[in-house]
Amino acid sequence: MKTSRRRFLTLTAFGLAATTSPEHAFPQRVPKSPQPARLRLSCQEGVAPGRSLNEKLDFLEAHGFEGIEPWGGGLPGRVEEFQKALQGRKIRVSAVCAGFEGVLISENEEVRQKAIRSIREILTAAGALGAVGMIVVPAFNGQTKLGHVEARELLVRLLPELGEHAHKVGTRILLEPLNRREAWFLRQLADAAAICRDVNHPGVAMMGDFWHMTWEEPSDFAAFVAAGPYLRHVHIASRKERKMPGEDPGDDYTDGMRGLKLIGYQDFISFECGSKGDPRRSIPEAVRLLREQWEAA
Ligand code: MG
């Protein structure tokens, strides 16, 4: 098997790290013998075709999806609807996508408190639905006047309490790094993982989004490996135009999938994308492509 130079260098770096002194954090972040990773596909509710939640679930189940990702806005009022629709099905709620009010790292106390209240409510719903976590972007560009140092300190101070609530209700916060056009504050998976490490709470984890990673990560493989056990969710789309995976020429996820395999990733890869073609055709084609690339990775 041909090993690329980038992969060789990354693996060598980990080999070296494992032999250095114990205070180096690498060994504990790369499981020695991880469970084999699994490809478990999920799809955002708004991406799946169908006129009702049940029609969407029927479609997703028929194409081998194991998860559905609802929007967090309004979810506290939809818990029963989801519980009922999911009864007797193999599919479950993978993660809950944001949908909260306010801004967690705003310089304005009122705006921050609004975010905390709103995130707590959605976390409770996410926990009731058995979601792996709730996705939280600390601030989009222009949403905070704080500099990065102050913003990071504030975030690390706020997360334990939210994480505690998440943990109590059986779920977790998932920090999502975005690309620089959307959020300079948090762009790379290793940075999100470092925040999780500093907070060190079971209710605080993070995720990666292949589409944002196209611009921000020099290596998908290294990004997922650096995230290690803090990585609990992944978003996927075509790499350039954020359409269905495979709809942009050269869409390739194998480098990242090799990283997911190395860390024994057990959670979901969830479709967050538009579609150039009819989703009833483009979704099954994307599933085929991802299964092929997973096998090859
Ligand atoms: Mg995303």
# chains A, B, ... in the order shown; residues from 1 in each chain; ligands from 1

$ select_by_dssp --residues "segment 81-174 of chain A" --states "helix (DSSP H, G or I)" --output "ChimeraX atom specification"
/A:81-86,109-128,148-168

$ residues_around --residues "segment 70-86 of chain A" --least-positions-apart "3" --cutoff "10 Å" --atoms "only C-alpha atoms" --output "PyMOL selection string"
chain A and resi 43-47+53-55+57+67+89-101+118-119+121-131+134-135

$ write_last_selection --atoms "N, CA and C atoms" --output "mmCIF file, in the first residue's frame"
data_model
loop_
_atom_site.group_PDB
_atom_site.id
_atom_site.type_symbol
_atom_site.label_atom_id
_atom_site.label_comp_id
_atom_site.auth_asym_id
_atom_site.auth_seq_id
_atom_site.Cartn_x
_atom_site.Cartn_y
_atom_site.Cartn_z
ATOM 1 N N CYS A 43 -28.541 12.399 8.844
ATOM 2 C CA CYS A 43 -28.930 13.452 7.899
ATOM 3 C C CYS A 43 -29.725 14.506 8.664
ATOM 4 N N GLN A 44 -29.454 15.764 8.367
ATOM 5 C CA GLN A 44 -30.255 16.806 9.006
ATOM 6 C C GLN A 44 -31.700 16.677 8.538
ATOM 7 N N GLU A 45 -32.604 16.990 9.446
ATOM 8 C CA GLU A 45 -34.033 16.859 9.140
ATOM 9 C C GLU A 45 -34.394 17.673 7.897
ATOM 10 N N GLY A 46 -33.841 18.874 7.807
ATOM 11 C CA GLY A 46 -34.174 19.747 6.684
ATOM 12 C C GLY A 46 -33.592 19.306 5.346
ATOM 13 N N VAL A 47 -32.630 18.413 5.386
ATOM 14 C CA VAL A 47 -31.987 17.941 4.148
ATOM 15 C C VAL A 47 -32.750 16.737 3.577
ATOM 16 N N LEU A 53 -42.214 14.345 9.185
ATOM 17 C CA LEU A 53 -41.089 13.695 9.871
ATOM 18 C C LEU A 53 -41.083 12.204 9.563
ATOM 19 N N ASN A 54 -42.264 11.577 9.569
ATOM 20 C CA ASN A 54 -42.322 10.137 9.303
ATOM 21 C C ASN A 54 -41.871 9.792 7.886
ATOM 22 N N GLU A 55 -42.257 10.609 6.913
ATOM 23 C CA GLU A 55 -41.806 10.356 5.533
ATOM 24 C C GLU A 55 -40.286 10.490 5.424
ATOM 25 N N LEU A 57 -38.121 10.005 7.862
ATOM 26 C CA LEU A 57 -37.519 8.853 8.551
ATOM 27 C C LEU A 57 -37.618 7.595 7.689
ATOM 28 N N GLY A 67 -29.096 7.838 11.746
ATOM 29 C CA GLY A 67 -29.363 9.013 12.571
ATOM 30 C C GLY A 67 -30.084 10.118 11.819
ATOM 31 N N ARG A 89 -38.242 2.183 15.411
ATOM 32 C CA ARG A 89 -37.323 2.355 14.278
ATOM 33 C C ARG A 89 -35.884 2.113 14.723
ATOM 34 N N LYS A 90 -35.023 1.837 13.739
ATOM 35 C CA LYS A 90 -33.593 1.653 14.051
ATOM 36 C C LYS A 90 -32.884 3.000 14.124
ATOM 37 N N ILE A 91 -33.470 3.984 13.504
ATOM 38 C CA ILE A 91 -32.857 5.307 13.424
ATOM 39 C C ILE A 91 -33.052 6.060 14.742
ATOM 40 N N ARG A 92 -32.083 6.918 15.107
ATOM 41 C CA ARG A 92 -32.195 7.697 16.351
ATOM 42 C C ARG A 92 -31.735 9.133 16.099
ATOM 43 N N VAL A 93 -31.901 9.979 17.098
ATOM 44 C CA VAL A 93 -31.407 11.348 16.956
ATOM 45 C C VAL A 93 -29.890 11.320 17.140
ATOM 46 N N SER A 94 -29.163 11.799 16.141
ATOM 47 C CA SER A 94 -27.694 11.778 16.224
ATOM 48 C C SER A 94 -27.222 12.930 17.086
ATOM 49 N N ALA A 95 -27.440 14.132 16.609
ATOM 50 C CA ALA A 95 -27.089 15.343 17.367
ATOM 51 C C ALA A 95 -28.178 16.365 17.094
ATOM 52 N N VAL A 96 -28.162 17.428 17.876
ATOM 53 C CA VAL A 96 -29.109 18.523 17.678
ATOM 54 C C VAL A 96 -28.308 19.729 17.209
ATOM 55 N N CYS A 97 -28.759 20.348 16.117
ATOM 56 C CA CYS A 97 -27.988 21.437 15.528
ATOM 57 C C CYS A 97 -28.441 22.801 16.071
ATOM 58 N N ALA A 98 -27.603 23.377 16.917
ATOM 59 C CA ALA A 98 -27.722 24.765 17.384
ATOM 60 C C ALA A 98 -29.167 25.221 17.624
ATOM 61 N N GLY A 99 -29.552 26.356 16.996
ATOM 62 C CA GLY A 99 -30.923 26.855 17.113
ATOM 63 C C GLY A 99 -31.185 27.641 18.382
ATOM 64 N N PHE A 100 -30.127 28.019 19.093
ATOM 65 C CA PHE A 100 -30.323 28.757 20.356
ATOM 66 C C PHE A 100 -30.297 30.261 20.100
ATOM 67 N N GLU A 101 -30.780 31.014 21.103
ATOM 68 C CA GLU A 101 -30.779 32.479 21.011
ATOM 69 C C GLU A 101 -29.548 33.032 21.717
ATOM 70 N N SER A 118 -31.092 29.598 26.768
ATOM 71 C CA SER A 118 -31.596 28.940 25.563
ATOM 72 C C SER A 118 -30.867 27.612 25.305
ATOM 73 N N ILE A 119 -29.550 27.613 25.478
ATOM 74 C CA ILE A 119 -28.775 26.375 25.273
ATOM 75 C C ILE A 119 -29.206 25.317 26.293
ATOM 76 N N GLU A 121 -32.119 24.895 27.670
ATOM 77 C CA GLU A 121 -33.425 24.338 27.269
ATOM 78 C C GLU A 121 -33.270 23.304 26.151
ATOM 79 N N ILE A 122 -32.447 23.660 25.178
ATOM 80 C CA ILE A 122 -32.279 22.745 24.036
ATOM 81 C C ILE A 122 -31.495 21.503 24.462
ATOM 82 N N LEU A 123 -30.528 21.688 25.375
ATOM 83 C CA LEU A 123 -29.789 20.529 25.901
ATOM 84 C C LEU A 123 -30.741 19.541 26.579
ATOM 85 N N THR A 124 -31.706 20.068 27.321
ATOM 86 C CA THR A 124 -32.661 19.192 28.011
ATOM 87 C C THR A 124 -33.438 18.359 26.984
ATOM 88 N N ALA A 125 -33.870 19.014 25.899
ATOM 89 C CA ALA A 125 -34.581 18.284 24.838
ATOM 90 C C ALA A 125 -33.653 17.277 24.168
ATOM 91 N N ALA A 126 -32.411 17.693 23.915
ATOM 92 C CA ALA A 126 -31.430 16.794 23.266
ATOM 93 C C ALA A 126 -31.199 15.565 24.142
ATOM 94 N N GLY A 127 -31.125 15.770 25.448
ATOM 95 C CA GLY A 127 -30.923 14.650 26.367
ATOM 96 C C GLY A 127 -32.111 13.707 26.359
ATOM 97 N N ALA A 128 -33.328 14.280 26.366
ATOM 98 C CA ALA A 128 -34.542 13.452 26.360
ATOM 99 C C ALA A 128 -34.610 12.597 25.096
ATOM 100 N N LEU A 129 -34.015 13.095 24.003
ATOM 101 C CA LEU A 129 -34.048 12.367 22.737
ATOM 102 C C LEU A 129 -32.818 11.471 22.547
ATOM 103 N N GLY A 130 -31.947 11.441 23.548
ATOM 104 C CA GLY A 130 -30.770 10.557 23.474
ATOM 105 C C GLY A 130 -29.721 11.010 22.473
ATOM 106 N N ALA A 131 -29.679 12.309 22.182
ATOM 107 C CA ALA A 131 -28.697 12.810 21.215
ATOM 108 C C ALA A 131 -27.281 12.742 21.786
ATOM 109 N N MET A 134 -25.399 18.578 21.531
ATOM 110 C CA MET A 134 -25.989 19.750 20.887
ATOM 111 C C MET A 134 -24.860 20.627 20.358
ATOM 112 N N ILE A 135 -24.968 20.981 19.088
ATOM 113 C CA ILE A 135 -23.920 21.760 18.430
ATOM 114 C C ILE A 135 -24.010 23.229 18.837
#

$ residues_near_ligand --ligand "ligand 1" --cutoff "7 Å" --atoms "only C-alpha atoms and all ligand atoms" --output "list in words"
Glu176, Asp209, His235 and Glu272 of chain A

$ write_last_selection --atoms "N, CA and C atoms" --output "short mmCIF file (atom, residue, chain, number, x, y, z; two decimals), in the first residue's frame"
data_model
loop_
_atom_site.label_atom_id
_atom_site.label_comp_id
_atom_site.auth_asym_id
_atom_site.auth_seq_id
_atom_site.Cartn_x
_atom_site.Cartn_y
_atom_site.Cartn_z
N GLU A 176 -18.43 23.62 17.56
CA GLU A 176 -18.19 23.41 16.12
C GLU A 176 -17.27 24.49 15.56
N ASP A 209 -16.47 19.54 10.69
CA ASP A 209 -17.34 19.65 9.51
C ASP A 209 -16.44 19.67 8.28
N HIS A 235 -19.95 16.67 10.43
CA HIS A 235 -20.82 17.11 9.34
C HIS A 235 -20.15 16.86 8.01
N GLU A 272 -25.06 17.80 6.14
CA GLU A 272 -25.49 19.19 6.31
C GLU A 272 -25.16 19.86 4.98
#

$ residues_around --residues "Glu182 of chain A" --least-positions-apart "3" --cutoff "6 Å" --atoms "only C-alpha atoms" --output "list in words"
Phe140, Asn141 and Asn179 of chain A

$ write_last_selection --atoms "N, CA, C and O atoms" --output "compact mmCIF listing (two decimals), in the first residue's frame"
# COMPACT_ATOMS: atom_id res chain seq x y z
N PHE A 140 -20.33 33.74 15.85
CA PHE A 140 -20.01 33.98 14.45
C PHE A 140 -19.28 35.32 14.36
O PHE A 140 -19.32 36.14 15.29
N ASN A 141 -18.62 35.56 13.23
CA ASN A 141 -17.95 36.85 13.02
C ASN A 141 -18.93 38.00 13.28
O ASN A 141 -20.07 37.96 12.82
N ASN A 179 -15.36 27.85 9.16
CA ASN A 179 -14.28 28.46 8.38
C ASN A 179 -14.25 29.96 8.64
O ASN A 179 -15.20 30.53 9.17

$ residues_around --residues "Val204 of chain A" --least-positions-apart "2" --cutoff "8 Å" --atoms "only C-alpha atoms" --output "list in words"
Leu159, Pro160, Gly163, Arg172, Ile173, Leu174, Leu175, Cys196, Val199, Asn200, His201, Pro202 and Met206 of chain A

$ residues_around --residues "Gly250 of chain A" --least-positions-apart "2" --cutoff "10 Å" --atoms "only C-alpha atoms" --output "list in words"
Ser238, Arg239, Lys240, Pro245, Gly246, Glu247, Asp248, Asp252 and Tyr253 of chain A

$ residues_around --residues "Leu60 of chain A" --least-positions-apart "4" --cutoff "8 Å" --atoms "only C-alpha atoms" --output "short mmCIF file (atom, residue, chain, number, x, y, z; two decimals) with C-alpha atoms, in the first residue's frame"
data_model
loop_
_atom_site.label_atom_id
_atom_site.label_comp_id
_atom_site.auth_asym_id
_atom_site.auth_seq_id
_atom_site.Cartn_x
_atom_site.Cartn_y
_atom_site.Cartn_z
CA CYS A 43 -28.93 13.45 7.90
CA ALA A 48 -34.02 14.70 4.01
CA LYS A 56 -38.28 11.67 6.10
CA GLY A 64 -29.32 2.83 5.58
CA PHE A 65 -29.12 6.00 7.69
CA GLU A 66 -28.86 5.42 11.42
#

$ closest_residue --among "A:Arg242, A:Arg281, A:Arg180, A:His233" --to "Ile269 of chain A" --atoms "only C-alpha atoms"
A:His233

$ closest_residue --among "A:Gly203, A:Gly274, A:Pro177, A:Gly147" --to "Gly133 of chain A" --atoms "only C-alpha atoms"
A:Gly203

$ select_by_dssp --residues "segment 82-232 of chain A" --states "strand (DSSP E or B)" --output "PyMOL selection string"
chain A and resi 92-93+95-97+133-136+173-175+204-209+231-232

$ closest_residue --among "A:Met207, A:Met257, A:Val149, A:Val111" --to "Ala192 of chain A" --atoms "only C-alpha atoms"
A:Met207

$ closest_residue --among "A:Arg40, A:Lys261, A:His63, A:His165" --to "Ile283 of chain A" --atoms "only C-alpha atoms"
A:His63

$ atom_distance --atom1 "atom CA of Ala222 of chain A" --atom2 "atom CA of Ser282 of chain A"
29.3 Å

$ atom_distance --atom1 "atom CA of Pro229 of chain A" --atom2 "atom CA of Gly259 of chain A"
11.9 Å

$ residues_around --residues "Glu107 of chain A" --least-positions-apart "4" --cutoff "7 Å" --atoms "only C-alpha atoms" --output "count of residues only"
3

$ atom_distance --atom1 "atom CA of Trp211 of chain A" --atom2 "atom CA of Phe271 of chain A"
10.5 Å

$ closest_residue --among "A:Pro249, A:Gly256, A:Pro279, A:Gly102" --to "Gly208 of chain A" --atoms "only C-alpha atoms"
A:Gly256

$ decode --residues "segment 45-58 of chain A" --atoms "N, CA, C and O atoms" --output "CSV table (one decimal), in the first residue's frame"
chain,number,residue,atom,x,y,z
A,45,GLU,N,-32.6,17.0,9.4
A,45,GLU,CA,-34.0,16.9,9.1
A,45,GLU,C,-34.4,17.7,7.9
A,45,GLU,O,-35.1,17.2,7.0
A,46,GLY,N,-33.8,18.9,7.8
A,46,GLY,CA,-34.2,19.7,6.7
A,46,GLY,C,-33.6,19.3,5.3
A,46,GLY,O,-34.0,19.8,4.3
A,47,VAL,N,-32.6,18.4,5.4
A,47,VAL,CA,-32.0,17.9,4.1
A,47,VAL,C,-32.8,16.7,3.6
A,47,VAL,O,-32.8,16.5,2.4
A,48,ALA,N,-33.3,15.9,4.5
A,48,ALA,CA,-34.0,14.7,4.0
A,48,ALA,C,-35.3,15.1,3.3
A,48,ALA,O,-36.1,15.9,3.7
A,49,PRO,N,-35.6,14.4,2.2
A,49,PRO,CA,-36.9,14.7,1.5
A,49,PRO,C,-38.1,14.0,2.2
A,49,PRO,O,-37.9,13.0,2.9
A,50,GLY,N,-39.2,14.6,2.0
A,50,GLY,CA,-40.4,14.1,2.7
A,50,GLY,C,-41.3,15.2,3.2
A,50,GLY,O,-40.7,16.3,3.6
A,51,ARG,N,-42.6,15.0,3.2
A,51,ARG,CA,-43.5,16.1,3.7
A,51,ARG,C,-43.7,16.1,5.2
A,51,ARG,O,-44.2,17.1,5.7
A,52,SER,N,-43.4,15.0,5.8
A,52,SER,CA,-43.6,14.9,7.3
A,52,SER,C,-42.3,14.3,7.9
A,52,SER,O,-41.5,13.7,7.1
A,53,LEU,N,-42.2,14.3,9.2
A,53,LEU,CA,-41.1,13.7,9.9
A,53,LEU,C,-41.1,12.2,9.6
A,53,LEU,O,-40.0,11.6,9.3
A,54,ASN,N,-42.3,11.6,9.6
A,54,ASN,CA,-42.3,10.1,9.3
A,54,ASN,C,-41.9,9.8,7.9
A,54,ASN,O,-41.2,8.8,7.7
A,55,GLU,N,-42.3,10.6,6.9
A,55,GLU,CA,-41.8,10.4,5.5
A,55,GLU,C,-40.3,10.5,5.4
A,55,GLU,O,-39.6,9.7,4.7
A,56,LYS,N,-39.7,11.5,6.1
A,56,LYS,CA,-38.3,11.7,6.1
A,56,LYS,C,-37.6,10.5,6.7
A,56,LYS,O,-36.6,10.0,6.2
A,57,LEU,N,-38.1,10.0,7.9
A,57,LEU,CA,-37.5,8.9,8.6
A,57,LEU,C,-37.6,7.6,7.7
A,57,LEU,O,-36.7,6.8,7.6
A,58,ASP,N,-38.8,7.4,7.0
A,58,ASP,CA,-38.9,6.3,6.1
A,58,ASP,C,-37.8,6.3,5.0
A,58,ASP,O,-37.2,5.3,4.7
